[in-house]
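Everything on this sheet refers to the single structure shown next.
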Amino acid sequence: MSVLSVRDLVVEYRGDGVNRVVDGVSFDIAAGKTVAVVGESGSGKSTISQAVMGLLGKSAVIDGGQIVFTDPADNAQMDLAALPRDGEEMRRIRGNRIAMIFQEPMTSLSPLHTIGDQIGEAGRLHSGMDKDEARAATQEMLALVQFPDPKRAVDQYPFELSGGLRQRAMIAMAMMCRPALLIADEPTTALDVTIQAEILKLLRDVQGELGMSILLITHDFGVVANVADEVVVIYQGRVMERGSSQTIFGNPSHPYLKALLHAVPTFDMDERLEPIRPIKPSLEAFGAPCQVVRGEPLVRVDNLSKRFHLKKGGLFGKPNVLTAVDQVSFDVMGGECLGLVGESGSGKTTVALSILRAHLPSDGTISIRGGDGEWHDVSALEGEALLAYRRRMQLVFQDPFSSLNPRMSINEIIREPLTIHGIGTMDERDAKVRELMGLVGLDPKFLRRYPHSLSGGQRQRVGIARALALRPDVLVCDEPVSALDVSVQAQVLNLLADLRDELGLTYLFVSHNLAVVDYLADRIAVMCRGRLVELGPTRDVIDNAQHPYTKALLAAVPDANLDRPLDFDKLSAGRVSRPSEWPEPYRLPPGATPVMVKVSEGHFVCRPGDAPQLKDAA
Amino acid sequence: MLPYVLRRTAGMVPTLLIISFLIFLIIELPPGDYLSNQIEQLRAQGEAASVAKLEFLRQEFALDRPFFERYAVWLGAWPGPNGFDGLIQGNWGWSFEFEKPVGEVVSGTLLLTVVLNFATILFVYIVSFPIGIYSATRQYSWGDYGFTFVGYLGLATPNFLLGLILLFLMNEYFGVSVGGLMAPQFIGEPMSLDKFLSILSHLIVPTLVIGTAGTAAMIRRLRANLLDELHRQYVTTARAKGLSERKVVLKYPLRMALNPFIADIGNLIPSLVSGSVIVSVVLNLPTVGPILLAALQSQDQYLAGFILLFVAVLTLIGMLVSDLLLAVLDPRIRLGKQAAA
């Protein structure tokens with residue numbers, strides 16, 4: 001018996017013209033099962049979930065089809081597509097029999113109400129609980145989603161909780177009335193991998209306990225492979241392929257699905273990613289490759305520490321200091337891609353920004369080897385020397401939407417670095433901008449357009465073109481693909497790989513996604529809580545991880561492969577990112593000096609417990 | 001919380017000192033003072049006897065002393081002709097124009113000013129909130145357009161003109177006497193039910209007139225604030241819980257949209273005192289605005305200085321109140337410090 005049965009659903013947005021976003025979609029969700037709806041952004045997958053919940057916007061119209069919901073409690077059937085969206089019947093189902101959790105745990109809870117208030121509200125509304133009953137039920141639910149201290153959490157506000165805990169609170173809210181169906185719209189996309197694994201485990205546990213069905217909306221095949229019983233692949237509002245996970249992963253038949261699966265970076269892949277829409281960069285437009293000595297150190301980070309002073313702790317209290325980076329040392333070799341990996345708050349972005357001299361180090365030095373082979377201390381650079389350094393170091397940002405000025409045309413955006421550094425005449429700059437567009441595989445006709453009319457992937461390529469305008473030696477990429485769809489991600493990753501191979505560019509590639517780093521990086525540096533914990537050639541770090549934190553990170557990456565499911569039992573509930581709780585000899589109490597111990601050639605791990613024979617040879 | 005209130009209150013003292021100095025400096029910027037202007041006038045008319053009396057008054061009020069000394073005497077931080085006798089000691093000064101102590105001149109009008117302004121603020125909030133919420137939740141509906149149009153009319157109409165029209169209408173159809181804050185026969189009478197009702201009926205027009213512009217502005221602001229909040233994710237969460245639209249809006253986005261209005265309480269006070277001067281003159285309202293205007297024109301400095309300082313005190317108290325309210329209503333402000341740690 002199916003809890004939800006979607007039949008030939010058609011949803012149109014009627015604003016300036018009619019836009020059919022969901023076009024004849026059908027699927028069923030059986031009781032107690034998980035169905036994943038997979039697709040790129042803009043495929044209409046979120047619109048389907050909104051249609052089920054009656055949360056479609058005003059301009060959206062259900063133009064055909066049925067959404068039949070059968071409540072397993074009393075076998076009552078109703079067509080949700082036919083109910084008025086804000087009518088009483090719909091509201092009685094919403095949050096009661098069908099509940100939903102969202103992508104952004106940071107913004108999906110009201111910051112002004114305690115989480116107890118927000119969670120208990122559903123119980124007061126649907127189950128007629130009074131204040132005390134709701135409070136007790138809320139605590140029970142918080143315990144179910146494994147909140148560390150449910151009694152205290154009831155009176156806490158969302159901003160006092162971490163992202164993972166907020167998502168747990170969201171799940172508790174959805175579970176409050178023990179719904180028959182849970183809709184999870186990208187529930188783990190905004191979370192770190194280790195937390196993502198925990199939330200996936202939690203969803204599975206809760207499902208087992210309450211016996212509900214789950215409709216999972218996601219773009220991540222790794223997540224799908226680990227939780228879904230059935231998969232529906234959506235492209236431009238239509239179902240491309242539908243079937244059990246075994247069929248979808250074992251024997252995909254539709255070309256779109258095959259292409260999508262090929263575009264996902266996984267561990268140990270030797271072949272090149274195949275983007276769904278390949279681009280043709282004209283790499284010769286860069287001119288002569290970078291003049292750096294390959295394999296020789298180019299940037300040296302020596303014992304770098306960065307402390308931030310937070311809000312003063314009152315008149316006499318001591319100032320609140322956050323050590324974002326703590327005694328980190330490594331070299332970036334010429335022509336290599338060094339992947340810098342860690343969870344949010346690990347200090348990886350601070351390191352990257354320090355190298356760009358956006359921050360001055362609190363301790364330690366960053367130096368760069370000049371064309372003359374001499375080392376220059378970056379924080380001592382001034383005037384013309386600093387400008388020259390800026391030309392050698394460029395940044396590609398994470399968010400392609402906010403990193404381009406919406407009031408500048410693409411031409412102005414790519415041209416700006418040339419203008420700032422006074423390079424070339426007007427005509428030369430024009431020509432250069434056109435070359436750069438070709439270099440990233442963009443049609444020069446985009447030059448007159450503004451960022452809002454470009455897709456995420458196109459914008460990110462504009463960002464790369466802008467970074468390449470000054471012919472830098474080093475490109476610092478701060479999570480350059482984390483905001484992009486898998487298909488576009490492959491496009492950008494291939495572009496970056498080509499640029500490095502052909503032009504001898506050096507990358508510092510900051511990412512939380514080990515599979516992406518694995519695809520691109522020659523060496524990997526793993527950071528946790530401001531410390532560097534492991535550093536080595538990519539294959540050594542991935543296949544022969546030493547540090548417990550690295551191992552945990554690797555174990556938490558969901559693989560789009562049914563044969564390698566996540567080992568949920570091994571998850572350690574966040575303890576793994578606390579240096580003082582690592583087992584000996586890795587334990588690193590606050591204030592201790594991290595000591596890098598050599599494992600094999602070029603592979604070092606932070607193991608202060610062992611006798612420090614070798615001190616940070618990296 | 002208590003240490004915070006005490007710290008903020010203590011912080012008001014230096015602020016007030018600086019404000020009082022600035023007020024005094026600006027009032028004294030035009031050459032001469034009330035008395036020396038009178039003396040000039042009398043000299044021109046050849047009345048030497050009165051001149052002697054005014055010269056005596058100048059000494060009496062320390063107007064013959066240097067600037068900083070005059071300021072300190074006014075403040076009560078420096079011995080004047082009668083020892084320490086200034087604002088600190090509770091002597092609000094002397095009005096030359098009215099030939100009465102400042103306290104007596106303003107005591108009646110201040111109360112009425114506060115009553116009128118309070119009524120206006122209440123009117124603004126009561127009218128603009130429902131309309132603002134309606135306009136935001138039904139954006140681009142006929143109702144929204146209608147209120148927007150009326151609101152712009154309210155913004156664009158000169159207040160005194162509206163006042164005159166309303167006065168005429170009230171007199172024509174309801175028999176309310178023109179101008180003033182009560183019917184003429186009650187002036188000077190002790191408070192009675194009839195007098196109270198008369199005051200109430202006379203409050204209607206000034207409240208409407210002073211309030212309309214503020215209401216229109218407030219509707220636009222609330223609508224804009226609320227529109228920003230209505231598309232936030234947490235609103236969808238609340239809807240997904242099954243709350244009715246009405247409960248959703250009132251509990252979540254409205255509360256978020258309120259912050260700017262609470263933060264505004266302190267700023268409202270000075271604009272309400274000084275912003276309604278023209279209306280008060282036109283409607284013949286005995287509020288403090290016209291008195292302040294006259295005092296500034298005739299360089300009746302202690303009167304003007306006291307009124308300005310009074311407004312400053314009200315503003316500072318308003319700011320304190322709005323900060324405390326914000327902390328009570330917004331846990332992020334109350335707990336933000338600990339959360340950041």
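Just so we're on the same page: first chain in the structure tokens is A, next is B, and so on; residues restart at 1 for each chain, and ligands are numbered from 1 in the order they show up.
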
(message) Applying 9 Å and only C-alpha atoms, which residues near Val492 (chain A) remain after dropping the ones on its own chain fewer than 5 positions away? List them as number ranges by chain.
(response) A: 275, 440, 457, 460-461, 480-481, 497

(request) Write down, as a PyMOL selection string, each residue of chain A that has any atom within 10 Å of an atom of chain B, counting only C-alpha atoms. (result) chain A and resi 50+53-55+86-96+98-114+118-119+121-123+125-126+156-161+170+173-174+176-177+310-314+320-322

(request) Would you please give, as a count of residues only, all residues of region 62-278 of chain B that DSSP assigns to alpha helix (DSSP H) based on the backbone? (result) 153

(message) Counting only C-alpha atoms, which residue out of B:Pro286, B:Phe21, B:Asp264, B:Gly318 sits closest to Ile187 (chain B)?
(response) B:Pro286

Show which residues sit within 12 Å of Val102 (chain B), as a CSV table (one decimal) with C-alpha atoms, in the first residue's frame. Count only C-alpha atoms, and ignore same-chain residues fewer than 5 positions away.
chain,number,residue,atom,x,y,z
B,86,GLY,CA,20.8,76.6,38.6
B,87,LEU,CA,19.4,73.5,36.8
B,90,GLY,CA,16.2,72.6,40.5
B,91,ASN,CA,15.9,76.2,39.4
B,92,TRP,CA,14.8,76.0,35.8
B,93,GLY,CA,15.5,79.7,35.1
B,94,TRP,CA,13.5,82.8,34.4
B,95,SER,CA,11.5,83.7,31.4
B,96,PHE,CA,12.1,87.4,30.5
B,97,GLU,CA,9.3,87.4,27.9
B,107,SER,CA,4.2,73.4,33.4
B,108,GLY,CA,0.7,73.4,31.9
B,109,THR,CA,1.8,73.1,28.3
B,110,LEU,CA,4.3,70.3,28.9
B,288,VAL,CA,5.3,73.6,24.0
B,291,ILE,CA,6.4,78.6,23.0
B,292,LEU,CA,9.8,77.2,22.0
B,295,ALA,CA,11.5,81.9,22.9
B,300,ASP,CA,14.4,84.3,25.8
B,301,GLN,CA,17.3,82.0,26.4
B,302,TYR,CA,16.6,80.2,29.7
B,303,LEU,CA,13.1,79.3,28.5
B,304,ALA,CA,14.4,78.0,25.2
B,305,GLY,CA,17.3,76.3,26.8
B,306,PHE,CA,15.1,74.5,29.3
B,307,ILE,CA,12.6,73.2,26.7
B,310,PHE,CA,13.8,68.7,28.5

(request) Extract the full set of strand (DSSP E) residues from region 359-409 of chain A according to DSSP on the backbone, and format it as a VMD selection string. (result) chain A and resid 363 to 369 375 to 377 393 to 396

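Note that CA of Gly422 (chain A) and CA of Tyr450 (chain A) are 23.6 Å apart.
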